[in-house]
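Okay, query_37.cif now, which holds mmCIF, C-alpha atoms:
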```
data_run
#
loop_
_atom_site.label_atom_id
_atom_site.label_comp_id
_atom_site.auth_asym_id
_atom_site.auth_seq_id
_atom_site.Cartn_x
_atom_site.Cartn_y
_atom_site.Cartn_z
CA MET A 129 2.39 -31.97 15.33
CA THR A 130 4.49 -28.80 15.25
CA VAL A 131 3.79 -26.19 17.91
CA SER A 132 5.10 -22.63 17.45
CA THR A 133 5.59 -20.01 20.11
CA ILE A 134 6.63 -16.37 19.92
CA GLU A 135 10.21 -15.88 21.07
CA PRO A 136 12.22 -12.71 21.88
CA GLN A 137 14.33 -11.70 18.92
CA ARG A 138 18.12 -11.54 19.09
CA VAL A 139 19.31 -8.77 16.78
CA ALA A 140 22.84 -8.50 15.42
CA VAL A 141 24.17 -5.48 13.53
CA LEU A 142 26.87 -6.56 11.08
CA ILE A 143 29.32 -3.86 9.95
CA PRO A 144 32.12 -4.84 7.54
CA CYS A 145 34.94 -2.26 7.69
CA LEU A 146 38.08 -1.33 5.85
CA ASN A 147 39.86 1.85 6.96
CA GLU A 148 36.80 3.60 8.40
CA ALA A 149 38.49 5.23 11.40
CA THR A 150 36.78 8.55 10.64
CA THR A 151 33.24 7.18 10.86
CA ILE A 152 33.11 3.86 12.66
CA ALA A 153 32.71 5.22 16.21
CA LYS A 154 29.64 7.22 15.20
CA VAL A 155 28.12 4.30 13.29
CA VAL A 156 28.55 1.98 16.27
CA SER A 157 27.18 4.49 18.79
CA ASP A 158 24.19 5.34 16.55
CA PHE A 159 23.15 1.72 16.16
CA ARG A 160 23.64 1.07 19.87
CA LYS A 161 21.38 4.06 20.50
CA TYR A 162 18.55 3.01 18.16
CA LEU A 163 18.87 -0.74 18.79
CA PRO A 164 19.96 -0.84 22.45
CA ASP A 165 19.36 -4.59 22.82
CA ALA A 166 21.29 -5.55 19.67
CA ASP A 167 24.83 -6.88 19.49
CA VAL A 168 26.94 -4.69 17.19
CA TYR A 169 29.67 -6.59 15.34
CA VAL A 170 32.47 -4.88 13.46
CA TYR A 171 34.58 -7.10 11.24
CA ASP A 172 37.86 -5.36 10.49
CA ASN A 173 39.06 -6.27 6.99
CA ASN A 174 42.79 -5.71 7.68
CA SER A 175 42.47 -1.96 8.24
CA THR A 176 45.66 0.07 8.62
CA ASP A 177 44.15 3.11 10.39
CA GLY A 178 43.10 1.58 13.72
CA THR A 179 39.44 1.04 12.76
CA GLY A 180 39.14 -2.07 14.93
CA ASP A 181 40.48 -0.39 18.08
CA ILE A 182 38.18 2.61 17.62
CA ALA A 183 35.16 0.34 17.11
CA ALA A 184 36.01 -1.64 20.26
CA ARG A 185 36.23 1.55 22.32
CA ALA A 186 32.81 2.56 20.94
CA GLY A 187 31.32 -0.66 22.30
CA ALA A 188 31.33 -3.00 19.30
CA ILE A 189 32.31 -6.66 19.25
CA VAL A 190 35.35 -6.56 16.95
CA ARG A 191 36.70 -9.44 14.92
CA LEU A 192 39.33 -9.64 12.19
CA GLU A 193 38.92 -11.00 8.65
CA ARG A 194 42.25 -11.08 6.82
CA LEU A 195 40.92 -11.90 3.33
CA ARG A 196 40.29 -8.57 1.60
CA GLY A 197 36.87 -8.01 0.03
CA LYS A 198 33.36 -7.34 1.31
CA GLY A 199 32.17 -10.75 0.16
CA HIS A 200 34.83 -12.50 2.25
CA VAL A 201 33.82 -10.45 5.30
CA MET A 202 30.09 -11.11 4.91
CA ARG A 203 30.72 -14.84 4.47
CA ARG A 204 32.65 -14.90 7.74
CA MET A 205 30.01 -12.81 9.53
CA PHE A 206 27.16 -15.03 8.39
CA ALA A 207 29.06 -18.13 9.50
CA ASP A 208 30.18 -16.82 12.91
CA VAL A 209 27.32 -14.71 14.25
CA ASP A 210 24.23 -16.38 15.69
CA ALA A 211 21.07 -14.24 15.90
CA ASP A 212 17.42 -14.19 14.82
CA ILE A 213 17.62 -10.93 12.87
CA TYR A 214 20.66 -9.51 11.11
CA ILE A 215 21.08 -5.87 10.14
CA MET A 216 23.68 -5.52 7.40
CA VAL A 217 25.12 -2.00 7.05
CA ASP A 218 28.30 -0.29 5.87
CA GLY A 219 30.63 1.48 8.26
CA ASP A 220 30.89 4.75 6.30
CA ASP A 221 28.10 6.63 8.15
CA THR A 222 26.05 7.18 4.98
CA TYR A 223 23.06 5.08 6.07
CA ASP A 224 20.43 6.21 8.56
CA ALA A 225 20.70 4.33 11.87
CA ALA A 226 17.37 5.84 12.99
CA SER A 227 15.66 3.67 10.35
CA ALA A 228 16.90 0.46 11.97
CA PRO A 229 13.86 -0.06 14.28
CA ALA A 230 11.53 0.35 11.29
CA LEU A 231 13.65 -2.13 9.35
CA VAL A 232 13.35 -4.71 12.15
CA ALA A 233 9.62 -4.04 12.49
CA GLU A 234 9.09 -4.55 8.76
CA LEU A 235 10.98 -7.85 8.84
CA CYS A 236 8.88 -9.10 11.78
CA ALA A 237 5.56 -7.80 10.46
CA GLY A 238 5.61 -9.97 7.33
CA PRO A 239 7.27 -11.95 8.56
CA CYS A 240 9.83 -11.39 5.81
CA ASP A 241 13.24 -12.94 5.30
CA LEU A 242 14.80 -9.94 3.55
CA VAL A 243 13.98 -6.24 3.77
CA ASN A 244 16.03 -3.94 1.55
CA CYS A 245 16.58 -0.23 2.18
CA ALA A 246 16.19 1.84 -0.99
CA ARG A 247 18.38 4.93 -0.69
CA VAL A 248 16.87 8.41 -0.88
CA ASP A 249 19.79 10.83 -1.21
CA THR A 250 19.72 13.90 0.99
CA SER A 251 22.27 15.86 -1.05
CA VAL A 252 23.86 15.91 -4.51
CA GLU A 253 27.17 14.64 -3.11
CA ALA A 254 25.56 11.63 -1.43
CA TYR A 255 24.89 9.61 -4.56
CA ARG A 256 27.38 10.15 -7.38
CA PRO A 257 25.91 10.18 -10.92
CA GLY A 258 28.14 7.28 -12.01
CA HIS A 259 27.00 5.13 -9.10
CA ARG A 260 23.35 6.08 -9.67
CA PHE A 261 23.53 5.21 -13.38
CA GLY A 262 25.38 1.94 -12.74
CA ASN A 263 22.88 0.94 -10.06
CA ALA A 264 19.97 1.63 -12.42
CA VAL A 265 21.52 -0.42 -15.23
CA LEU A 266 22.47 -3.36 -13.02
CA SER A 267 19.16 -3.35 -11.11
CA GLY A 268 17.34 -3.27 -14.44
CA SER A 269 19.38 -6.24 -15.70
CA VAL A 270 18.54 -8.33 -12.63
CA ARG A 271 14.89 -7.24 -12.83
CA TYR A 272 14.70 -8.36 -16.47
CA VAL A 273 16.35 -11.75 -15.87
CA PHE A 274 15.17 -12.70 -12.37
CA GLY A 275 12.04 -10.58 -11.93
CA THR A 276 12.87 -8.40 -8.92
CA ALA A 277 10.99 -5.20 -8.20
CA SER A 278 13.85 -3.75 -6.12
CA LYS A 279 14.54 -0.08 -6.76
CA ASP A 280 18.01 -0.18 -5.21
CA MET A 281 19.62 -3.58 -5.58
CA LEU A 282 23.09 -2.40 -4.55
CA SER A 283 22.06 -0.87 -1.22
CA GLY A 284 24.32 -2.03 1.60
CA TYR A 285 21.57 -1.61 4.24
CA LYS A 286 19.38 -4.69 4.71
CA ALA A 287 17.59 -6.74 7.34
CA LEU A 288 17.87 -10.51 7.02
CA SER A 289 16.29 -13.42 8.86
CA ARG A 290 18.33 -16.19 10.43
CA ARG A 291 17.08 -18.82 8.04
CA PHE A 292 18.02 -16.67 5.06
CA VAL A 293 21.54 -15.97 6.39
CA LYS A 294 22.27 -19.57 7.32
CA SER A 295 21.11 -20.92 3.95
CA PHE A 296 22.98 -18.31 1.89
CA PRO A 297 26.09 -19.79 0.16
CA ALA A 298 27.95 -16.42 -0.11
CA LEU A 299 30.22 -17.16 -3.06
CA SER A 300 31.13 -13.57 -3.99
CA THR A 301 34.31 -11.91 -2.79
CA GLY A 302 33.62 -8.18 -3.26
CA PHE A 303 30.86 -5.59 -3.58
CA GLU A 304 28.86 -7.93 -5.82
CA ILE A 305 27.66 -9.67 -2.63
CA GLU A 306 24.52 -7.46 -2.61
CA THR A 307 23.55 -8.77 -6.06
CA GLU A 308 24.10 -12.36 -4.97
CA LEU A 309 21.92 -11.79 -1.88
CA LEU A 310 19.00 -10.55 -3.94
CA VAL A 311 19.25 -13.26 -6.60
CA HIS A 312 19.42 -15.92 -3.88
CA ALA A 313 16.22 -14.51 -2.36
CA LEU A 314 14.46 -14.51 -5.73
CA GLU A 315 15.53 -18.05 -6.54
CA LEU A 316 14.25 -19.33 -3.20
CA GLY A 317 11.00 -17.42 -3.68
CA ILE A 318 11.17 -16.01 -0.16
CA SER A 319 9.09 -13.20 1.30
CA MET A 320 10.88 -9.88 0.82
CA ASN A 321 10.06 -6.17 1.03
CA GLU A 322 11.69 -2.77 0.58
CA ILE A 323 11.51 0.49 2.51
CA SER A 324 13.01 3.91 1.76
CA THR A 325 15.66 5.44 4.01
CA PRO A 326 17.73 8.65 3.88
CA TYR A 327 21.19 8.40 2.38
CA LYS A 328 23.83 11.07 3.08
CA GLU A 329 27.27 11.93 1.79
CA ARG A 330 30.41 10.60 3.40
CA PRO A 331 31.94 12.80 6.11
CA THR A 332 35.09 14.76 5.28
CA GLY A 333 38.16 12.53 5.38
CA SER A 334 36.26 9.37 4.54
CA GLU A 335 36.83 7.77 1.13
CA SER A 336 34.64 5.31 -0.76
CA LYS A 337 36.11 1.85 -1.46
CA LEU A 338 33.71 1.37 -4.38
CA ARG A 339 35.34 1.81 -7.79
CA THR A 340 32.59 2.67 -10.26
CA PHE A 341 33.85 0.92 -13.40
CA HIS A 342 35.90 -1.86 -11.82
CA ASP A 343 33.22 -2.97 -9.36
CA GLY A 344 30.45 -2.30 -11.89
CA TRP A 345 32.16 -4.69 -14.30
CA ARG A 346 32.51 -7.31 -11.55
CA ILE A 347 28.81 -7.03 -10.72
CA LEU A 348 27.85 -7.31 -14.39
CA ARG A 349 30.09 -10.36 -14.70
CA LEU A 350 28.39 -11.89 -11.64
CA ILE A 351 24.94 -11.27 -13.16
CA THR A 352 26.08 -13.11 -16.32
CA LEU A 353 27.46 -15.97 -14.21
CA LEU A 354 24.22 -16.17 -12.21
CA CYS A 355 22.25 -16.27 -15.45
CA LYS A 356 24.31 -19.29 -16.49
CA GLU A 357 23.98 -20.94 -13.08
CA GLU A 358 20.33 -20.16 -12.32
CA ARG A 359 18.84 -19.88 -15.85
CA PRO A 360 20.95 -22.37 -17.82
CA LEU A 361 18.26 -23.29 -20.35
CA ALA A 362 17.65 -19.67 -21.37
CA PHE A 363 21.40 -18.90 -21.31
CA PHE A 364 22.47 -21.81 -23.50
CA ALA A 365 19.38 -21.58 -25.71
CA LEU A 366 20.40 -18.01 -26.56
CA ILE A 367 23.92 -19.17 -27.46
CA SER A 368 22.40 -22.00 -29.48
CA ALA A 369 20.15 -19.58 -31.39
CA VAL A 370 23.08 -17.29 -32.24
CA LEU A 371 25.22 -20.21 -33.47
CA ALA A 372 22.32 -21.64 -35.49
CA PHE A 373 21.63 -18.26 -37.11
CA ILE A 374 25.30 -17.85 -38.16
CA SER A 375 25.36 -21.44 -39.43
CA ILE A 376 22.24 -20.91 -41.56
CA ALA A 377 23.53 -17.57 -42.87
CA LEU A 378 26.79 -19.21 -44.01
CA SER A 379 25.03 -22.20 -45.55
CA ILE A 380 22.54 -20.28 -47.74
CA PRO A 381 24.98 -19.27 -50.54
CA VAL A 382 26.59 -22.72 -50.44
CA PHE A 383 23.17 -24.37 -50.77
CA TYR A 384 22.06 -22.15 -53.68
CA GLU A 385 25.33 -22.76 -55.49
CA PHE A 386 24.87 -26.50 -55.09
CA LEU A 387 21.35 -26.30 -56.53
CA GLU A 388 22.60 -24.36 -59.57
CA THR A 389 25.81 -26.25 -60.35
CA GLY A 390 25.66 -29.47 -58.37
CA LEU A 391 29.05 -28.55 -56.86
CA VAL A 392 30.25 -27.38 -53.44
CA PRO A 393 33.26 -25.18 -54.25
CA ARG A 394 33.14 -23.45 -50.85
CA PHE A 395 33.92 -26.61 -48.95
CA PRO A 396 35.55 -24.89 -45.90
CA THR A 397 32.43 -22.69 -45.51
CA ALA A 398 30.23 -25.78 -45.66
CA ILE A 399 32.32 -27.49 -42.96
CA LEU A 400 32.19 -24.37 -40.78
CA SER A 401 28.41 -24.17 -41.18
CA VAL A 402 27.95 -27.80 -40.16
CA GLY A 403 30.32 -27.35 -37.19
CA LEU A 404 28.40 -24.31 -35.96
CA MET A 405 25.08 -26.15 -36.23
CA LEU A 406 26.49 -29.08 -34.25
CA ALA A 407 27.74 -26.62 -31.60
CA ALA A 408 24.26 -25.06 -31.49
CA ILE A 409 22.66 -28.47 -30.90
CA ILE A 410 25.20 -29.32 -28.18
CA SER A 411 24.60 -25.96 -26.50
CA LEU A 412 20.84 -26.50 -26.47
CA PHE A 413 21.12 -29.96 -24.95
CA SER A 414 23.65 -28.68 -22.39
CA GLY A 415 21.07 -26.12 -21.30
CA LEU A 416 18.39 -28.82 -20.98
CA ILE A 417 20.65 -31.04 -18.83
CA LEU A 418 21.92 -28.18 -16.64
CA ASP A 419 18.35 -26.95 -16.13
CA THR A 420 17.52 -30.26 -14.46
CA VAL A 421 20.64 -30.03 -12.28
CA THR A 422 19.78 -26.45 -11.30
CA ARG A 423 16.27 -27.48 -10.29
CA GLY A 424 17.74 -30.12 -7.97
CA ARG A 425 20.17 -27.59 -6.44
CA ARG A 426 17.32 -25.16 -5.88
CA GLU A 427 15.31 -27.82 -4.08
CA LEU A 428 18.25 -28.58 -1.79
CA LYS A 429 18.73 -24.88 -0.97
CA ARG A 430 15.02 -24.60 -0.24
CA LEU A 431 15.17 -27.57 2.14
CA CYS A 432 18.14 -25.99 3.93
CA PHE A 433 16.20 -22.72 4.19
CA LEU A 434 13.16 -24.50 5.65
CA GLY A 435 15.34 -26.19 8.27
CA TYR A 436 15.25 -23.00 10.35
CA ASP A 437 12.34 -21.27 12.07
CA ALA A 438 10.69 -18.17 10.63
CA VAL A 439 11.24 -14.80 12.31
CA GLY A 440 9.45 -14.70 15.66
CA GLN A 441 8.70 -18.40 15.78
CA LYS A 442 10.20 -21.21 17.82
CA SER A 443 9.00 -24.70 16.95
CA ALA A 444 8.68 -27.29 19.69
CA ALA A 445 8.92 -30.11 17.16
CA ARG A 446 10.35 -30.02 13.66
CA PRO A 447 11.38 -32.62 11.10
CA ASN A 448 15.03 -33.64 11.17
CA PHE A 449 16.43 -31.68 8.23
CA PRO A 450 19.89 -32.99 7.32
CA PHE A 451 21.14 -29.44 6.69
CA LYS A 452 20.20 -27.87 10.00
CA ARG A 453 23.15 -27.06 12.22
#
```
The structure given in the file should be rewritten as structure tokens.
Amino acid sequence: MTVSTIEPQRVAVLIPCLNEATTIAKVVSDFRKYLPDADVYVYDNNSTDGTGDIAARAGAIVRLERLRGKGHVMRRMFADVDADIYIMVDGDDTYDAASAPALVAELCAGPCDLVNCARVDTSVEAYRPGHRFGNAVLSGSVRYVFGTASKDMLSGYKALSRRFVKSFPALSTGFEIETELLVHALELGISMNEISTPYKERPTGSESKLRTFHDGWRILRLITLLCKEERPLAFFALISAVLAFISIALSIPVFYEFLETGLVPRFPTAILSVGLMLAAIISLFSGLILDTVTRGRRELKRLCFLGYDAVGQKSAARPNFPFKR
């Protein structure tokens, strides 16, 4: 029989940084103020402005990740840092550190495995129109495909449980990591929630690393890839339907001409039509096969997820999951 007891929670604040010398000291000191018992980690992503040294002087645990890209940094953080609750936040001093206790409380109250912070801008400069529009479009795309009710999918301020972090594959390399986090949560069917927090403009001298069109395109490309990986039957069935429609459209005049004359003068068109129909059939069966494979992968990820205790619980006896480290 499994016996669970309430355990004190180890909280880690994870701050990925690239050239944030202007803001990082304040971010570190603010989170140390509002979460005094938490360990604050700053992972310097090859900064050239002394960000790591400034963070260390402010009291953070500083480590270096040489591979450029937020996804690379988060992958390293999730692998290296051991805690019960993880607060993921950017180092640009745009997110509200005072909301961190409420974020932790919301995660524990569920208990949830992911709590997202939906940004409420405090000024016009805080949330650029291009970013706002792109976020709405991309969040809407994920909501339509995967069924999320998140109002701010691309927020960089989240609370995560240990079992979520340690079962997350983290395949993205850049800012699309937030999208991958949310889709992973939806595919596992975990408990998640969302709270609203203030969002302010960057301080003078601090520049955003997010490139609206470039990173927006990368996120859209990731959503398409995740559709193929996580919804293969729907993805390939759509391709199959398009190919079948084109094939039928090409074959109609050829068929009518054959009925009237008994001849097939448009032989290349007939061959193309048959080829497209065969491709449509292959695409449909590919989706059916990959759907079975995806179901098996999802079961394995779920088993890995269940190999860790829920927030606030420590089990005296648990099954031997082969994935638990």
Margin query: My list of candidates is A:Ile182, A:Arg426, A:Ser375, A:Phe274. Which is closest to Thr352 of chain A when distances are computed with only C-alpha atoms?
Written below: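 Of the candidates, the smallest distance to Thr352 of chain A is held by A:Phe274.
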Next item on the list: State, in Å with one decimal place, the distance from atom CA of Ala188 of chain A to atom CA of Val168 of chain A.
Entry: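 Going from atom CA of Ala188 of chain A over to atom CA of Val168 of chain A covers 5.2 Å.
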Note to self: When the PyMOL selection byres ((chain A and resi 214) around 7) is applied to the structure above, which residues does it catch, written out as an NGL selection string?
What the structure shows: :A and (139-142 or 211-213 or 215-216 or 287-289)
Note to self: Once the PyMOL selection byres ((chain A and resi 308) around 9) has been evaluated on this model, what residues remain selected, and can you format them as a ChimeraX atom specification?
What the structure shows: /A:298-300,304-307,309-313,350-351,354
Could you write out as a PDB file with C-alpha atoms, in the frame of the given file the residues that the PyMOL selection byres ((chain A and resi 144) around 12) matches in the shown file?
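Output file out_17.pdb follows:
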```pdb
ATOM      1  CA  VAL A 141      24.170  -5.480  13.530  1.00  0.00           C
ATOM      2  CA  LEU A 142      26.870  -6.560  11.080  1.00  0.00           C
ATOM      3  CA  ILE A 143      29.320  -3.860   9.950  1.00  0.00           C
ATOM      4  CA  CYS A 145      34.940  -2.260   7.690  1.00  0.00           C
ATOM      5  CA  LEU A 146      38.080  -1.330   5.850  1.00  0.00           C
ATOM      6  CA  ASN A 147      39.860   1.850   6.960  1.00  0.00           C
ATOM      7  CA  GLU A 148      36.800   3.600   8.400  1.00  0.00           C
ATOM      8  CA  ILE A 152      33.110   3.860  12.660  1.00  0.00           C
ATOM      9  CA  VAL A 155      28.120   4.300  13.290  1.00  0.00           C
ATOM     10  CA  VAL A 156      28.550   1.980  16.270  1.00  0.00           C
ATOM     11  CA  VAL A 168      26.940  -4.690  17.190  1.00  0.00           C
ATOM     12  CA  TYR A 169      29.670  -6.590  15.340  1.00  0.00           C
ATOM     13  CA  VAL A 170      32.470  -4.880  13.460  1.00  0.00           C
ATOM     14  CA  TYR A 171      34.580  -7.100  11.240  1.00  0.00           C
ATOM     15  CA  ASP A 172      37.860  -5.360  10.490  1.00  0.00           C
ATOM     16  CA  ASN A 173      39.060  -6.270   6.990  1.00  0.00           C
ATOM     17  CA  ASN A 174      42.790  -5.710   7.680  1.00  0.00           C
ATOM     18  CA  SER A 175      42.470  -1.960   8.240  1.00  0.00           C
ATOM     19  CA  THR A 179      39.440   1.040  12.760  1.00  0.00           C
ATOM     20  CA  GLY A 180      39.140  -2.070  14.930  1.00  0.00           C
ATOM     21  CA  ALA A 183      35.160   0.340  17.110  1.00  0.00           C
ATOM     22  CA  ALA A 188      31.330  -3.000  19.300  1.00  0.00           C
ATOM     23  CA  ILE A 189      32.310  -6.660  19.250  1.00  0.00           C
ATOM     24  CA  VAL A 190      35.350  -6.560  16.950  1.00  0.00           C
ATOM     25  CA  ARG A 191      36.700  -9.440  14.920  1.00  0.00           C
ATOM     26  CA  LEU A 192      39.330  -9.640  12.190  1.00  0.00           C
ATOM     27  CA  GLU A 193      38.920 -11.000   8.650  1.00  0.00           C
ATOM     28  CA  ARG A 194      42.250 -11.080   6.820  1.00  0.00           C
ATOM     29  CA  ARG A 196      40.290  -8.570   1.600  1.00  0.00           C
ATOM     30  CA  GLY A 197      36.870  -8.010   0.030  1.00  0.00           C
ATOM     31  CA  LYS A 198      33.360  -7.340   1.310  1.00  0.00           C
ATOM     32  CA  GLY A 199      32.170 -10.750   0.160  1.00  0.00           C
ATOM     33  CA  HIS A 200      34.830 -12.500   2.250  1.00  0.00           C
ATOM     34  CA  VAL A 201      33.820 -10.450   5.300  1.00  0.00           C
ATOM     35  CA  MET A 202      30.090 -11.110   4.910  1.00  0.00           C
ATOM     36  CA  ARG A 203      30.720 -14.840   4.470  1.00  0.00           C
ATOM     37  CA  ARG A 204      32.650 -14.900   7.740  1.00  0.00           C
ATOM     38  CA  MET A 205      30.010 -12.810   9.530  1.00  0.00           C
ATOM     39  CA  PHE A 206      27.160 -15.030   8.390  1.00  0.00           C
ATOM     40  CA  ILE A 215      21.080  -5.870  10.140  1.00  0.00           C
ATOM     41  CA  MET A 216      23.680  -5.520   7.400  1.00  0.00           C
ATOM     42  CA  VAL A 217      25.120  -2.000   7.050  1.00  0.00           C
ATOM     43  CA  ASP A 218      28.300  -0.290   5.870  1.00  0.00           C
ATOM     44  CA  GLY A 219      30.630   1.480   8.260  1.00  0.00           C
ATOM     45  CA  ASP A 220      30.890   4.750   6.300  1.00  0.00           C
ATOM     46  CA  GLY A 284      24.320  -2.030   1.600  1.00  0.00           C
ATOM     47  CA  TYR A 285      21.570  -1.610   4.240  1.00  0.00           C
ATOM     48  CA  GLY A 302      33.620  -8.180  -3.260  1.00  0.00           C
ATOM     49  CA  PHE A 303      30.860  -5.590  -3.580  1.00  0.00           C
ATOM     50  CA  LYS A 337      36.110   1.850  -1.460  1.00  0.00           C
TER      51      LYS A 337
END
```
Checklist line | One-decimal distance in Å that lies between atom CA of Phe364 of chain A and atom CA of Ile417 of chain A | finding: 10.5 Å
Note to self: Please report the interatomic distance between atom CA of Ala362 of chain A and atom CA of Arg425 of chain A in Å with one decimal.
What the structure shows: 17.1 Å
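Counting all atoms listed in the file and comparing A:Trp345, A:Pro326, A:Gly390, A:Met320, the residue that lies closest to Cys236 of chain A is A:Met320.
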Item checked: Pick from A:Ala228, A:Leu195, A:Leu428, A:Ala369 nearest to Asp158 of chain A, counting only C-alpha atoms ->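 Checking each of A:Ala228, A:Leu195, A:Leu428, A:Ala369 against Asp158 of chain A, counting only C-alpha atoms, the winner is A:Ala228.
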Item checked: Residue with smallest distance to Tyr223 of chain A - pool A:Asp208, A:Asp181, A:Asp249, A:Asp241, counting only C-alpha atoms -> A:Asp249
Item checked: Selected residue, from A:Ala184, A:Glu427, A:Pro381, A:Gly440, that lies nearest to Pro393 of chain A when counting only C-alpha atoms ->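 Of A:Ala184, A:Glu427, A:Pro381, A:Gly440, the one nearest Pro393 of chain A is A:Pro381, counting only C-alpha atoms.
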Axis-aligned box for all listed atoms of segment 163-175 of chain A, 5 Å per side, centre and edges in Å to one decimal, as lines of an AutoDock Vina configuration file:
```
center_x = 30.8
center_y = -3.9
center_z = 14.9
size_x = 33.9
size_y = 16.4
size_z = 25.8
```
